[in-house]
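What follows is the content of my_file-v3.cif, which has mmCIF, C-alpha atoms (C1' of nucleotides):
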```
data_protein
#
loop_
_atom_site.label_atom_id
_atom_site.label_comp_id
_atom_site.auth_asym_id
_atom_site.auth_seq_id
_atom_site.Cartn_x
_atom_site.Cartn_y
_atom_site.Cartn_z
CA MET A 45 66.57 123.13 125.96
CA THR A 46 67.57 121.45 122.78
CA THR A 47 67.10 122.99 119.37
CA ALA A 48 64.83 120.46 117.85
CA VAL A 49 65.52 120.06 114.16
CA SER A 50 69.16 121.06 113.69
CA PRO A 51 70.96 118.22 111.88
CA ALA A 52 73.62 116.44 113.87
CA ALA A 53 77.06 117.88 113.16
CA ASP A 54 79.92 115.58 112.26
CA PRO A 55 82.42 114.95 115.07
CA PRO A 56 85.21 117.55 115.20
CA ALA A 57 87.79 115.08 113.89
CA VAL A 58 85.58 114.34 110.88
CA GLN A 59 85.16 118.04 110.21
CA LEU A 60 88.90 118.48 110.46
CA PHE A 61 89.74 115.77 107.94
CA ASN A 62 86.94 116.98 105.73
CA GLU A 63 88.38 120.48 105.52
CA ILE A 64 91.82 119.03 104.91
CA ALA A 65 90.56 116.81 102.12
CA ILE A 66 88.85 119.71 100.37
CA ILE A 67 91.88 121.96 100.71
CA GLU A 68 94.07 119.22 99.31
CA GLN A 69 91.81 118.84 96.29
CA LEU A 70 91.52 122.53 95.60
CA SER A 71 95.22 123.24 95.98
CA ARG A 72 96.29 120.22 93.97
CA SER A 73 94.12 121.02 91.00
CA ARG A 74 95.10 124.67 91.17
CA PHE A 75 98.80 123.85 91.03
CA GLU A 76 98.51 121.13 88.42
CA ARG A 77 96.65 123.36 86.02
CA VAL A 78 99.75 125.51 85.54
CA LEU A 79 102.27 122.68 85.25
CA PRO A 80 103.54 121.60 81.82
CA PRO A 81 101.23 119.09 80.13
CA GLY A 82 101.78 115.63 81.52
CA MET A 83 103.46 116.86 84.69
CA THR A 84 101.74 116.27 87.99
CA LEU A 85 102.34 117.53 91.49
CA SER A 86 103.50 114.08 92.53
CA GLN A 87 106.11 113.96 89.80
CA PHE A 88 107.19 117.52 90.48
CA GLY A 89 107.55 116.68 94.14
CA VAL A 90 110.13 114.04 93.35
CA LEU A 91 112.07 116.33 91.01
CA ASN A 92 111.94 119.11 93.59
CA HIS A 93 113.22 116.76 96.26
CA PHE A 94 116.33 116.04 94.22
CA ALA A 95 116.86 119.66 93.25
CA ARG A 96 116.49 120.89 96.82
CA LEU A 97 118.43 118.25 98.65
CA GLY A 98 120.74 116.84 96.01
CA GLY A 99 122.08 113.32 96.19
CA GLU A 100 120.73 109.96 95.18
CA TYR A 101 117.93 107.98 96.74
CA ALA A 102 116.40 104.55 96.74
CA PRO A 103 112.77 104.36 95.63
CA ALA A 104 111.83 103.15 99.10
CA ALA A 105 113.43 106.23 100.66
CA LEU A 106 111.45 108.47 98.33
CA ALA A 107 108.25 106.61 99.13
CA SER A 108 108.94 107.10 102.80
CA ALA A 109 109.75 110.80 102.32
CA PHE A 110 106.46 111.41 100.53
CA GLN A 111 104.44 109.05 102.69
CA VAL A 112 103.17 107.02 99.78
CA THR A 113 103.40 103.27 99.28
CA ARG A 114 106.27 101.77 97.34
CA GLN A 115 103.86 100.80 94.58
CA THR A 116 102.88 104.41 94.13
CA MET A 117 106.49 105.55 93.99
CA THR A 118 107.28 102.81 91.49
CA ASN A 119 104.54 104.20 89.28
CA THR A 120 105.72 107.81 89.59
CA LEU A 121 109.36 106.90 88.97
CA GLN A 122 108.46 104.86 85.92
CA ARG A 123 106.70 107.84 84.41
CA LEU A 124 109.57 110.15 85.25
CA GLU A 125 112.05 107.69 83.79
CA THR A 126 110.03 107.28 80.60
CA ALA A 127 110.08 111.06 80.24
CA GLY A 128 113.84 111.08 80.78
CA LEU A 129 113.57 113.19 83.93
CA VAL A 130 115.20 110.71 86.30
CA ALA A 131 117.56 107.77 85.82
CA LEU A 132 117.54 104.47 87.69
CA ARG A 133 120.41 102.08 88.12
CA PRO A 134 120.94 99.00 90.28
CA ASP A 135 122.42 99.47 93.73
CA PRO A 136 125.74 97.60 93.73
CA ALA A 137 125.56 97.23 97.49
CA ASP A 138 122.09 95.68 97.56
CA GLY A 139 120.83 93.42 94.84
CA ARG A 140 117.21 94.24 95.63
CA ALA A 141 117.55 98.01 95.54
CA LYS A 142 117.86 100.68 92.89
CA ILE A 143 119.36 104.15 92.92
CA VAL A 144 117.47 107.10 91.48
CA THR A 145 119.15 110.23 90.16
CA ILE A 146 117.75 113.34 88.53
CA THR A 147 118.82 114.03 84.94
CA PRO A 148 119.72 117.44 83.49
CA LEU A 149 116.39 117.31 81.68
CA GLY A 150 114.71 116.64 84.98
CA ALA A 151 116.47 119.60 86.59
CA ALA A 152 115.34 121.83 83.71
CA MET A 153 111.79 120.56 84.07
CA ARG A 154 111.85 121.29 87.76
CA ALA A 155 113.02 124.85 87.07
CA ASP A 156 110.24 125.30 84.54
CA CYS A 157 107.69 124.05 87.05
CA ILE A 158 109.01 126.41 89.71
CA ALA A 159 108.64 129.31 87.30
CA ARG A 160 105.10 128.32 86.43
CA LEU A 161 104.11 127.80 90.04
CA ALA A 162 105.51 131.13 91.22
CA PRO A 163 102.58 133.26 90.04
CA VAL A 164 100.09 130.90 91.65
CA LEU A 165 102.02 131.02 94.90
CA ALA A 166 102.14 134.79 94.71
CA GLU A 167 98.41 134.88 94.16
CA LEU A 168 97.84 132.60 97.12
CA ASP A 169 100.11 134.75 99.26
CA ALA A 170 97.87 137.67 98.45
CA VAL A 171 94.78 135.73 99.47
CA ILE A 172 96.15 133.88 102.48
CA PRO A 173 97.86 135.99 105.14
CA ALA A 174 101.33 134.75 105.97
CA ALA A 175 100.40 134.89 109.63
CA ASP A 176 97.60 132.40 109.04
CA ILE A 177 100.03 129.99 107.44
CA ALA A 178 102.49 130.40 110.26
CA ALA A 179 99.71 129.81 112.76
CA LEU A 180 98.56 126.60 111.08
CA LEU A 181 101.88 124.98 110.23
CA PRO A 182 103.01 123.76 113.66
CA GLY A 183 99.67 122.18 114.44
CA LEU A 184 99.53 120.46 111.07
CA ARG A 185 103.08 119.18 111.43
CA SER A 186 102.21 117.78 114.81
CA LEU A 187 99.05 116.21 113.46
CA ARG A 188 100.91 114.65 110.57
CA GLN A 189 103.57 113.22 112.87
CA ARG A 190 100.97 111.75 115.19
CA LEU A 191 99.08 110.20 112.30
CA ASP A 192 102.27 108.76 110.91
CA ALA A 193 103.26 107.35 114.28
CA ALA A 194 99.81 105.84 114.73
CA ARG A 195 100.03 104.34 111.26
CA ARG A 196 103.12 102.35 112.14
CA ALA A 197 101.70 101.24 115.45
CA MET B 297 126.48 135.33 107.85
CA THR B 298 124.71 132.73 105.85
CA THR B 299 124.86 129.09 106.74
CA ALA B 300 126.52 127.79 103.64
CA VAL B 301 125.18 124.38 102.75
CA SER B 302 121.72 124.22 104.29
CA PRO B 303 119.26 123.27 101.56
CA ALA B 304 116.73 125.93 100.64
CA ALA B 305 113.46 125.36 102.44
CA ASP B 306 110.23 125.34 100.49
CA PRO B 307 108.13 128.51 100.83
CA PRO B 308 105.72 128.41 103.78
CA ALA B 309 102.70 128.01 101.52
CA VAL B 310 104.32 124.98 99.89
CA GLN B 311 105.10 123.49 103.28
CA LEU B 312 101.51 124.08 104.32
CA PHE B 313 99.99 122.33 101.33
CA ASN B 314 102.54 119.58 101.64
CA GLU B 315 101.52 118.80 105.20
CA ILE B 316 97.89 118.93 104.21
CA ALA B 317 98.42 116.55 101.31
CA ILE B 318 100.19 114.03 103.53
CA ILE B 319 97.56 114.25 106.24
CA GLU B 320 94.87 113.74 103.64
CA GLN B 321 96.58 110.63 102.34
CA LEU B 322 97.20 109.11 105.75
CA SER B 323 93.72 109.80 107.06
CA ARG B 324 92.00 108.64 103.89
CA SER B 325 93.78 105.31 103.76
CA ARG B 326 93.29 104.82 107.51
CA PHE B 327 89.54 105.31 107.22
CA GLU B 328 89.10 103.33 104.03
CA ARG B 329 90.83 100.30 105.44
CA VAL B 330 87.96 99.75 107.89
CA LEU B 331 85.11 100.39 105.48
CA PRO B 332 83.22 97.46 103.93
CA PRO B 333 84.94 96.09 100.83
CA GLY B 334 84.20 98.25 97.84
CA MET B 335 83.17 101.27 99.92
CA THR B 336 85.27 104.39 99.74
CA LEU B 337 85.31 107.59 101.72
CA SER B 338 83.93 109.47 98.75
CA GLN B 339 80.97 107.16 98.50
CA PHE B 340 80.46 107.18 102.24
CA GLY B 341 80.56 110.96 102.20
CA VAL B 342 77.59 111.06 99.87
CA LEU B 343 75.61 108.56 101.93
CA ASN B 344 76.46 110.44 105.10
CA HIS B 345 75.31 113.69 103.54
CA PHE B 346 71.88 112.25 102.91
CA ALA B 347 71.66 110.60 106.29
CA ARG B 348 72.69 113.74 108.15
CA LEU B 349 70.75 116.34 106.22
CA GLY B 350 67.94 114.34 104.68
CA GLY B 351 66.17 115.42 101.53
CA GLU B 352 66.96 115.02 97.87
CA TYR B 353 69.70 116.62 95.82
CA ALA B 354 70.78 117.16 92.27
CA PRO B 355 74.17 115.68 91.33
CA ALA B 356 75.45 119.21 90.70
CA ALA B 357 74.49 120.24 94.23
CA LEU B 358 76.35 117.26 95.64
CA ALA B 359 79.38 118.05 93.51
CA SER B 360 79.33 121.58 94.84
CA ALA B 361 78.91 120.42 98.43
CA PHE B 362 81.94 118.14 98.18
CA GLN B 363 83.97 120.49 96.00
CA VAL B 364 84.51 117.96 93.28
CA THR B 365 83.72 118.27 89.60
CA ARG B 366 80.43 117.07 88.23
CA GLN B 367 82.26 114.33 86.34
CA THR B 368 83.61 112.99 89.60
CA MET B 369 80.19 113.07 91.23
CA THR B 370 78.68 111.33 88.21
CA ASN B 371 81.20 108.55 88.69
CA THR B 372 80.57 108.22 92.43
CA LEU B 373 76.79 108.26 91.99
CA GLN B 374 76.95 105.62 89.29
CA ARG B 375 78.84 103.30 91.61
CA LEU B 376 76.43 103.97 94.45
CA GLU B 377 73.47 103.38 92.14
CA THR B 378 74.93 100.14 90.82
CA ALA B 379 75.29 98.99 94.41
CA GLY B 380 71.69 99.96 95.11
CA LEU B 381 72.68 102.53 97.73
CA VAL B 382 71.14 105.55 96.03
CA ALA B 383 68.40 106.01 93.45
CA LEU B 384 68.31 108.53 90.62
CA ARG B 385 65.26 109.80 88.80
CA PRO B 386 64.72 112.62 86.33
CA ASP B 387 63.86 116.03 87.68
CA PRO B 388 60.37 116.79 86.39
CA ALA B 389 61.05 120.51 86.76
CA ASP B 390 64.30 120.51 84.74
CA GLY B 391 64.86 118.18 81.84
CA ARG B 392 68.62 118.37 82.23
CA ALA B 393 68.74 117.51 85.90
CA LYS B 394 68.31 114.40 88.00
CA ILE B 395 67.27 113.89 91.60
CA VAL B 396 69.25 111.63 93.89
CA THR B 397 67.81 109.89 96.93
CA ILE B 398 69.30 107.46 99.42
CA THR B 399 67.78 103.98 99.55
CA PRO B 400 67.11 101.95 102.70
CA LEU B 401 70.08 99.81 101.72
CA GLY B 402 72.16 102.98 101.47
CA ALA B 403 71.04 104.12 104.90
CA ALA B 404 71.97 100.71 106.32
CA MET B 405 75.35 100.88 104.62
CA ARG B 406 75.94 104.31 106.08
CA ALA B 407 75.11 103.03 109.56
CA ASP B 408 77.51 100.13 109.07
CA CYS B 409 80.24 102.52 107.98
CA ILE B 410 79.64 104.76 110.99
CA ALA B 411 79.97 101.75 113.27
CA ARG B 412 83.20 100.68 111.60
CA LEU B 413 84.66 104.17 111.66
CA ALA B 414 83.85 104.76 115.32
CA PRO B 415 86.81 102.80 116.73
CA VAL B 416 89.20 104.57 114.37
CA LEU B 417 87.82 107.94 115.40
CA ALA B 418 88.13 106.95 119.03
CA GLU B 419 91.72 105.92 118.46
CA LEU B 420 92.44 109.21 116.74
CA ASP B 421 90.81 111.11 119.56
CA ALA B 422 93.22 109.43 121.90
CA VAL B 423 96.18 110.45 119.76
CA ILE B 424 95.07 113.93 118.78
CA PRO B 425 94.06 116.25 121.61
CA ALA B 426 90.64 117.76 121.09
CA ALA B 427 92.14 121.16 121.80
CA ASP B 428 94.46 120.76 118.82
CA ILE B 429 91.55 120.03 116.56
CA ALA B 430 89.62 122.99 117.88
CA ALA B 431 92.65 125.19 117.37
CA LEU B 432 93.13 124.11 113.76
CA LEU B 433 89.54 124.06 112.55
CA PRO B 434 88.81 127.79 112.20
CA GLY B 435 92.00 128.47 110.32
CA LEU B 436 91.42 125.56 107.97
CA ARG B 437 87.84 126.61 107.33
CA SER B 438 89.02 130.08 106.51
CA LEU B 439 91.74 128.72 104.25
CA ARG B 440 89.28 126.48 102.45
CA GLN B 441 86.86 129.33 101.93
CA ARG B 442 89.54 131.60 100.55
CA LEU B 443 90.79 128.90 98.20
CA ASP B 444 87.28 128.24 97.03
CA ALA B 445 86.63 131.93 96.46
CA ALA B 446 89.89 132.28 94.55
CA ARG B 447 88.97 129.27 92.45
CA ARG B 448 85.82 130.90 91.14
CA ALA B 449 87.53 134.21 90.46
"C1'" DA C 159 124.36 76.17 106.37
"C1'" DT C 160 119.55 75.93 106.35
"C1'" DT C 161 115.46 78.02 107.49
"C1'" DA C 162 112.39 81.72 108.69
"C1'" DG C 163 111.44 86.33 108.40
"C1'" DT C 164 112.00 90.81 106.41
"C1'" DT C 165 112.70 94.16 102.83
"C1'" DA C 166 112.95 96.17 97.79
"C1'" DG C 167 110.69 96.49 93.86
"C1'" DT C 168 107.10 95.18 90.83
"C1'" DT C 169 102.56 93.76 88.78
"C1'" DC C 170 97.56 93.63 88.91
"C1'" DG C 171 93.04 95.35 89.68
"C1'" DA C 172 90.27 98.76 91.58
"C1'" DT C 173 88.64 103.60 92.66
"C1'" DA C 174 88.97 108.77 92.59
"C1'" DT C 175 89.97 112.60 90.27
"C1'" DC C 176 90.75 115.95 86.79
"C1'" DG C 177 90.48 118.30 82.05
"C1'" DA C 178 88.50 118.27 77.48
"C1'" DA C 179 84.76 117.50 74.76
"C1'" DT C 180 79.74 116.18 73.87
"C1'" DT C 181 74.65 116.32 74.19
"C1'" DA C 182 70.55 118.12 75.80
"C1'" DA C 183 67.87 121.51 78.00
"C1'" DA C 184 67.09 126.01 80.00
"C1'" DT C 185 67.68 131.03 79.83
"C1'" DC C 186 68.40 135.46 78.03
"C1'" DG C 187 68.84 139.38 74.77
"C1'" DG C 188 67.07 141.44 70.82
"C1'" DC D 143 60.38 134.02 68.43
"C1'" DC D 144 65.15 132.84 67.90
"C1'" DG D 145 70.01 132.63 68.11
"C1'" DA D 146 73.67 132.88 71.75
"C1'" DT D 147 74.99 131.67 76.12
"C1'" DT D 148 74.80 129.01 80.12
"C1'" DT D 149 74.02 124.89 82.76
"C1'" DA D 150 73.31 119.61 83.80
"C1'" DA D 151 74.98 115.40 83.08
"C1'" DT D 152 77.81 112.35 80.69
"C1'" DT D 153 81.72 110.11 78.19
"C1'" DC D 154 86.62 109.62 77.32
"C1'" DG D 155 91.40 109.47 78.43
"C1'" DA D 156 94.83 110.24 81.66
"C1'" DT D 157 97.24 110.01 86.35
"C1'" DA D 158 97.56 108.90 91.42
"C1'" DT D 159 96.69 105.96 94.83
"C1'" DC D 160 95.79 101.97 97.49
"C1'" DG D 161 95.65 96.85 98.83
"C1'" DA D 162 96.87 92.21 97.60
"C1'" DA D 163 99.99 89.22 95.82
"C1'" DC D 164 104.44 88.05 93.77
"C1'" DT D 165 109.69 87.52 93.07
"C1'" DA D 166 114.23 88.34 94.41
"C1'" DA D 167 117.53 89.30 97.80
"C1'" DC D 168 119.18 90.29 102.32
"C1'" DT D 169 119.36 89.05 107.51
"C1'" DA D 170 119.07 86.61 111.57
"C1'" DA D 171 118.55 82.55 114.37
"C1'" DT D 172 119.24 78.01 115.24
#
```
Same coordinates, now as structure tokens:
Amino acid sequence: MTTAVSPAADPPAVQLFNEIAIIEQLSRSRFERVLPPGMTLSQFGVLNHFARLGGEYAPAALASAFQVTRQTMTNTLQRLETAGLVALRPDPADGRAKIVTITPLGAAMRADCIARLAPVLAELDAVIPAADIAALLPGLRSLRQRLDAARRA
Amino acid sequence: MTTAVSPAADPPAVQLFNEIAIIEQLSRSRFERVLPPGMTLSQFGVLNHFARLGGEYAPAALASAFQVTRQTMTNTLQRLETAGLVALRPDPADGRAKIVTITPLGAAMRADCIARLAPVLAELDAVIPAADIAALLPGLRSLRQRLDAARRA
DNA sequence: ATTAGTTAGTTCGATATCGAATTAAATCGG
DNA sequence: CCGATTTAATTCGATATCGAACTAACTAAT
């Protein structure tokens, strides 16, 4: 026996990506509200990448690391450069490429962002059990890797 | 003994939101590539909402359903209205409010989108085991609900 | 070496999204 | 009944993001 009038549910995959999209929106806006004016999560991500891993990177490598297109990374790097937070110079080994480095100002900005984000993270830790995060992470990593692999295919 | 040079890992919550952000990006662009020119997932989401649930809604209710701001929903509805896919009329019971309905053209567009999305969903089903989706969904729903509750607080 | 193909970065045009601020209408307390 | 508050929708300005198209430079194959 079928329940007559219940609306058709979206397929599970649609529900999954729907939840993910909403979580992305909510978390992004929550984090960005506490960042210094003008700073965005995307820009912070680049600064954090340098501060965590050190070294120098080509824009294309950064785009690949963050899974955005090169155009998008060009945009983000231009804003960071205008603000004096990163520096770009030509790659002597490849006339097409550039090399991006973080500036001292950029490192200071990253530290400021970390300090501002800490209370929000603490608040989220109080609301979201660490066990839940641990339970979700492997599945999400796997999903991301499969999506990425399928993208290249 | 500490391993000396390993870079500090991001906190688990940061890793979680990072994975979610990347999955959102990859899935969004994958879906939007197959939609009719000019259509976006956001616009499709609104059409699909009407087609699945029927009825009429105020813009504010739609904004709430999709967890976006009213400004964002205003923008989306204006594009849909310009394209003739939804119709807006004043709410006789509330001078501030409007009532949104889907048009026959909008319903046809939604059906076209569903047809175009089907192969992508099928492809994803082949790549992502249904069990993985089922395992992730409850945790993500819970996470979304907690984030939403914390947002209002 | 010349050509074809690929890759790095950019520019352009479009949409989504947010926060801040505005206008109009409804609601509520006194 | 009226001022204060809230709510609905909008407008404005900003950023992120994508796809398409472009230039410059590297690479490989003949």
Any chance you could fit chain A onto chain B with least squares, all Cα atoms in order, and share the moved copy as a compact mmCIF listing (two decimals) with C-alpha atoms, in the frame of the given file?
```txt
# COMPACT_ATOMS: atom_id res chain seq x y z
CA MET A 45 126.36 135.36 108.37
CA THR A 46 124.69 132.76 106.27
CA THR A 47 124.83 129.07 107.03
CA ALA A 48 126.51 127.85 103.94
CA VAL A 49 125.22 124.45 102.94
CA SER A 50 121.70 124.23 104.37
CA PRO A 51 119.31 123.30 101.54
CA ALA A 52 116.78 125.94 100.61
CA ALA A 53 113.48 125.37 102.40
CA ASP A 54 110.26 125.34 100.43
CA PRO A 55 108.15 128.50 100.75
CA PRO A 56 105.76 128.42 103.72
CA ALA A 57 102.72 127.99 101.46
CA VAL A 58 104.34 124.96 99.82
CA GLN A 59 105.11 123.47 103.21
CA LEU A 60 101.54 124.08 104.26
CA PHE A 61 99.99 122.32 101.27
CA ASN A 62 102.55 119.57 101.59
CA GLU A 63 101.54 118.80 105.16
CA ILE A 64 97.90 118.94 104.16
CA ALA A 65 98.43 116.56 101.28
CA ILE A 66 100.21 114.03 103.48
CA ILE A 67 97.57 114.25 106.19
CA GLU A 68 94.86 113.75 103.60
CA GLN A 69 96.58 110.63 102.30
CA LEU A 70 97.21 109.13 105.70
CA SER A 71 93.73 109.81 107.03
CA ARG A 72 92.00 108.64 103.87
CA SER A 73 93.78 105.32 103.74
CA ARG A 74 93.29 104.82 107.46
CA PHE A 75 89.54 105.32 107.20
CA GLU A 76 89.09 103.34 104.02
CA ARG A 77 90.83 100.30 105.43
CA VAL A 78 87.98 99.76 107.89
CA LEU A 79 85.12 100.40 105.48
CA PRO A 80 83.22 97.46 103.96
CA PRO A 81 84.91 96.07 100.84
CA GLY A 82 84.16 98.23 97.84
CA MET A 83 83.14 101.24 99.91
CA THR A 84 85.26 104.35 99.72
CA LEU A 85 85.36 107.55 101.71
CA SER A 86 83.95 109.44 98.74
CA GLN A 87 80.96 107.14 98.50
CA PHE A 88 80.45 107.17 102.24
CA GLY A 89 80.55 110.94 102.19
CA VAL A 90 77.57 111.06 99.88
CA LEU A 91 75.60 108.54 101.94
CA ASN A 92 76.46 110.43 105.11
CA HIS A 93 75.32 113.68 103.55
CA PHE A 94 71.87 112.24 102.93
CA ALA A 95 71.65 110.59 106.33
CA ARG A 96 72.71 113.74 108.16
CA LEU A 97 70.76 116.32 106.25
CA GLY A 98 67.92 114.34 104.73
CA GLY A 99 66.19 115.44 101.56
CA GLU A 100 66.95 115.01 97.90
CA TYR A 101 69.68 116.60 95.85
CA ALA A 102 70.76 117.14 92.30
CA PRO A 103 74.13 115.66 91.34
CA ALA A 104 75.42 119.17 90.70
CA ALA A 105 74.47 120.22 94.23
CA LEU A 106 76.34 117.24 95.65
CA ALA A 107 79.37 118.02 93.51
CA SER A 108 79.31 121.55 94.81
CA ALA A 109 78.90 120.40 98.42
CA PHE A 110 81.93 118.13 98.16
CA GLN A 111 83.95 120.48 95.99
CA VAL A 112 84.50 117.93 93.26
CA THR A 113 83.73 118.28 89.56
CA ARG A 114 80.44 117.07 88.17
CA GLN A 115 82.26 114.31 86.33
CA THR A 116 83.60 112.98 89.59
CA MET A 117 80.18 113.04 91.22
CA THR A 118 78.69 111.30 88.20
CA ASN A 119 81.21 108.53 88.70
CA THR A 120 80.55 108.20 92.44
CA LEU A 121 76.77 108.24 91.99
CA GLN A 122 76.94 105.61 89.28
CA ARG A 123 78.80 103.30 91.61
CA LEU A 124 76.40 103.97 94.45
CA GLU A 125 73.45 103.39 92.16
CA THR A 126 74.89 100.13 90.84
CA ALA A 127 75.26 98.98 94.44
CA GLY A 128 71.65 99.97 95.13
CA LEU A 129 72.66 102.53 97.75
CA VAL A 130 71.11 105.56 96.06
CA ALA A 131 68.36 106.01 93.47
CA LEU A 132 68.26 108.53 90.64
CA ARG A 133 65.21 109.81 88.84
CA PRO A 134 64.64 112.63 86.36
CA ASP A 135 63.77 116.05 87.71
CA PRO A 136 60.28 116.86 86.40
CA ALA A 137 60.98 120.56 86.75
CA ASP A 138 64.20 120.53 84.73
CA GLY A 139 64.74 118.22 81.82
CA ARG A 140 68.52 118.37 82.22
CA ALA A 141 68.64 117.52 85.90
CA LYS A 142 68.26 114.42 88.02
CA ILE A 143 67.23 113.89 91.62
CA VAL A 144 69.23 111.63 93.91
CA THR A 145 67.77 109.89 96.94
CA ILE A 146 69.28 107.47 99.43
CA THR A 147 67.77 103.98 99.56
CA PRO A 148 67.09 101.96 102.72
CA LEU A 149 70.06 99.82 101.74
CA GLY A 150 72.13 102.95 101.47
CA ALA A 151 71.02 104.10 104.92
CA ALA A 152 71.96 100.69 106.35
CA MET A 153 75.34 100.88 104.65
CA ARG A 154 75.93 104.30 106.08
CA ALA A 155 75.12 103.02 109.57
CA ASP A 156 77.52 100.13 109.09
CA CYS A 157 80.25 102.51 107.98
CA ILE A 158 79.65 104.75 110.99
CA ALA A 159 80.01 101.75 113.27
CA ARG A 160 83.22 100.68 111.60
CA LEU A 161 84.68 104.17 111.65
CA ALA A 162 83.90 104.77 115.32
CA PRO A 163 86.85 102.81 116.71
CA VAL A 164 89.25 104.57 114.35
CA LEU A 165 87.86 107.93 115.39
CA ALA A 166 88.19 106.96 119.03
CA GLU A 167 91.77 105.95 118.44
CA LEU A 168 92.50 109.23 116.72
CA ASP A 169 90.86 111.13 119.56
CA ALA A 170 93.30 109.44 121.89
CA VAL A 171 96.24 110.47 119.74
CA ILE A 172 95.13 113.95 118.74
CA PRO A 173 94.12 116.28 121.56
CA ALA A 174 90.68 117.78 121.05
CA ALA A 175 92.17 121.18 121.76
CA ASP A 176 94.52 120.80 118.80
CA ILE A 177 91.59 120.06 116.53
CA ALA A 178 89.66 123.01 117.85
CA ALA A 179 92.69 125.22 117.34
CA LEU A 180 93.17 124.13 113.72
CA LEU A 181 89.58 124.06 112.50
CA PRO A 182 88.84 127.79 112.15
CA GLY A 183 92.04 128.47 110.26
CA LEU A 184 91.45 125.55 107.92
CA ARG A 185 87.87 126.61 107.29
CA SER A 186 89.06 130.08 106.46
CA LEU A 187 91.76 128.72 104.19
CA ARG A 188 89.30 126.48 102.40
CA GLN A 189 86.86 129.34 101.87
CA ARG A 190 89.58 131.59 100.50
CA LEU A 191 90.81 128.88 98.15
CA ASP A 192 87.29 128.24 96.97
CA ALA A 193 86.65 131.93 96.41
CA ALA A 194 89.92 132.26 94.51
CA ARG A 195 88.99 129.24 92.41
CA ARG A 196 85.85 130.90 91.13
CA ALA A 197 87.60 134.17 90.48
```
Problem - Evaluate the PyMOL selection byres ((chain D and resi 145-156) around 10) and report residues as a VMD selection string - result: (chain A and resid 82) or (chain B and resid 354 to 356 366 to 367 369 to 371 390 to 394) or (chain C and resid 176 to 188) or (chain D and resid 143 to 144 157)
Exercise for the section: Translate the PyMOL selection byres ((chain A and resi 131) around 8), as applied to the file shown, into an explicit residue set as a VMD selection string. Expected result: chain A and resid 125 128 to 130 132 to 133 144 to 147
The selected residues should be written to file as a PDB file, keeping the file's coordinate frame (atoms: C-alpha atoms).
```pdb
ATOM      1  CA  GLU A 125     112.050 107.690  83.790  1.00  0.00           C
ATOM      2  CA  GLY A 128     113.840 111.080  80.780  1.00  0.00           C
ATOM      3  CA  LEU A 129     113.570 113.190  83.930  1.00  0.00           C
ATOM      4  CA  VAL A 130     115.200 110.710  86.300  1.00  0.00           C
ATOM      5  CA  LEU A 132     117.540 104.470  87.690  1.00  0.00           C
ATOM      6  CA  ARG A 133     120.410 102.080  88.120  1.00  0.00           C
ATOM      7  CA  VAL A 144     117.470 107.100  91.480  1.00  0.00           C
ATOM      8  CA  THR A 145     119.150 110.230  90.160  1.00  0.00           C
ATOM      9  CA  ILE A 146     117.750 113.340  88.530  1.00  0.00           C
ATOM     10  CA  THR A 147     118.820 114.030  84.940  1.00  0.00           C
TER      11      THR A 147
END
```
Exercise for the section: Report the distance between atom CA of Arg72 of chain A and atom CA of Thr84 of chain A in Å, rounded to one decimal place. Expected result: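 Interatomic distance here is 9.0 Å.
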Exercise for the section: Step by step, work through what the PyMOL selection byres ((chain B and resi 417) around 12) selects in the shown file, and finish by giving those residues as a count of residues only. Expected result: 29
Practice task
List every protein, DNA or RNA residue that has an atom no more than 8 Å from (81.9, 101.1, 94.9) in the file's coordinate frame, counting all atoms listed in the file, and report them as JSON, numbers by chain.
Solution key: {"B": [334, 335, 336, 339, 372, 375, 376, 379], "C": [173]}
Practice task
To one decimal in Å, tell me the separation between atom C1' of DA166 of chain D and atom CA of Phe110 of chain A.
Solution key: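 Separation between atom C1' of DA166 of chain D and atom CA of Phe110 of chain A: 25.1 Å.
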Problem - Shortest interatomic distance to Leu85 of chain A - which of A:Leu149, A:Glu63, A:Ala109, A:Arg154, counting only C-alpha atoms - result: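 Closest candidate: A:Arg154.
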Padding 4 Å on every side, please: axis-aligned box over the listed atoms of segment 160-179 of chain C, centre and edge lengths to one decimal in Å, as AutoDock Vina command-line options.
```
--center_x 102.2 --center_y 97.1 --center_z 91.7 --size_x 42.8 --size_y 50.4 --size_z 41.9
```
Problem - atom CA of Pro134 of chain A to atom CA of Ser108 of chain A, distance in Å rounded to a single decimal - result: 19.1 Å
Handout entry: Within-10 Å shell of (116.5, 81.0, 107.1) in input frame, only C-alpha atoms (C1' of nucleotides), as an MDAnalysis selection string
Key = (chainID C and resid 159:163) or (chainID D and resid 169:172)
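Counting only C-alpha atoms (C1' of nucleotides), Ala304 of chain B has the following residues at most 10 Å away, ignoring those fewer than 3 positions along the same chain: A:Ala95, A:Arg96, A:Leu97, B:Val301, B:Pro307.
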Produce a table with one row for each residue of chain C that has an atom at most 8 Å from any atom of chain A, each row naming the nearest atom pair and its distance in Å at one decimal; use only C-alpha atoms (C1' of nucleotides); arrange rows by chain and rising residue number; format as a tab-separated table.
```
residue	atom	partner	partner_atom	distance
C:DA166	C1'	A:Arg140	CA	5.2
C:DG167	C1'	A:Arg140	CA	7.1
C:DT168	C1'	A:Gln115	CA	7.5
C:DC176	C1'	A:Ser73	CA	7.4
```
Handout entry: Exercise: segment 158-161 of chain D partners within 8 Å, only C-alpha atoms (C1' of nucleotides), chain neighbours under 3 positions left out, as a list of chain:residue names
Key =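 In the requested format, the answer is A:Ser86, A:Thr113, A:Thr116, B:Ser325.
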Practice task
Return the single residue from A:Ala151, A:Ala53, A:Leu181, A:Ile64 that is closest to Val90 of chain A, with distances computed using only C-alpha atoms.
Solution key: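 For Val90 of chain A, the nearest of the candidates is A:Ala151.
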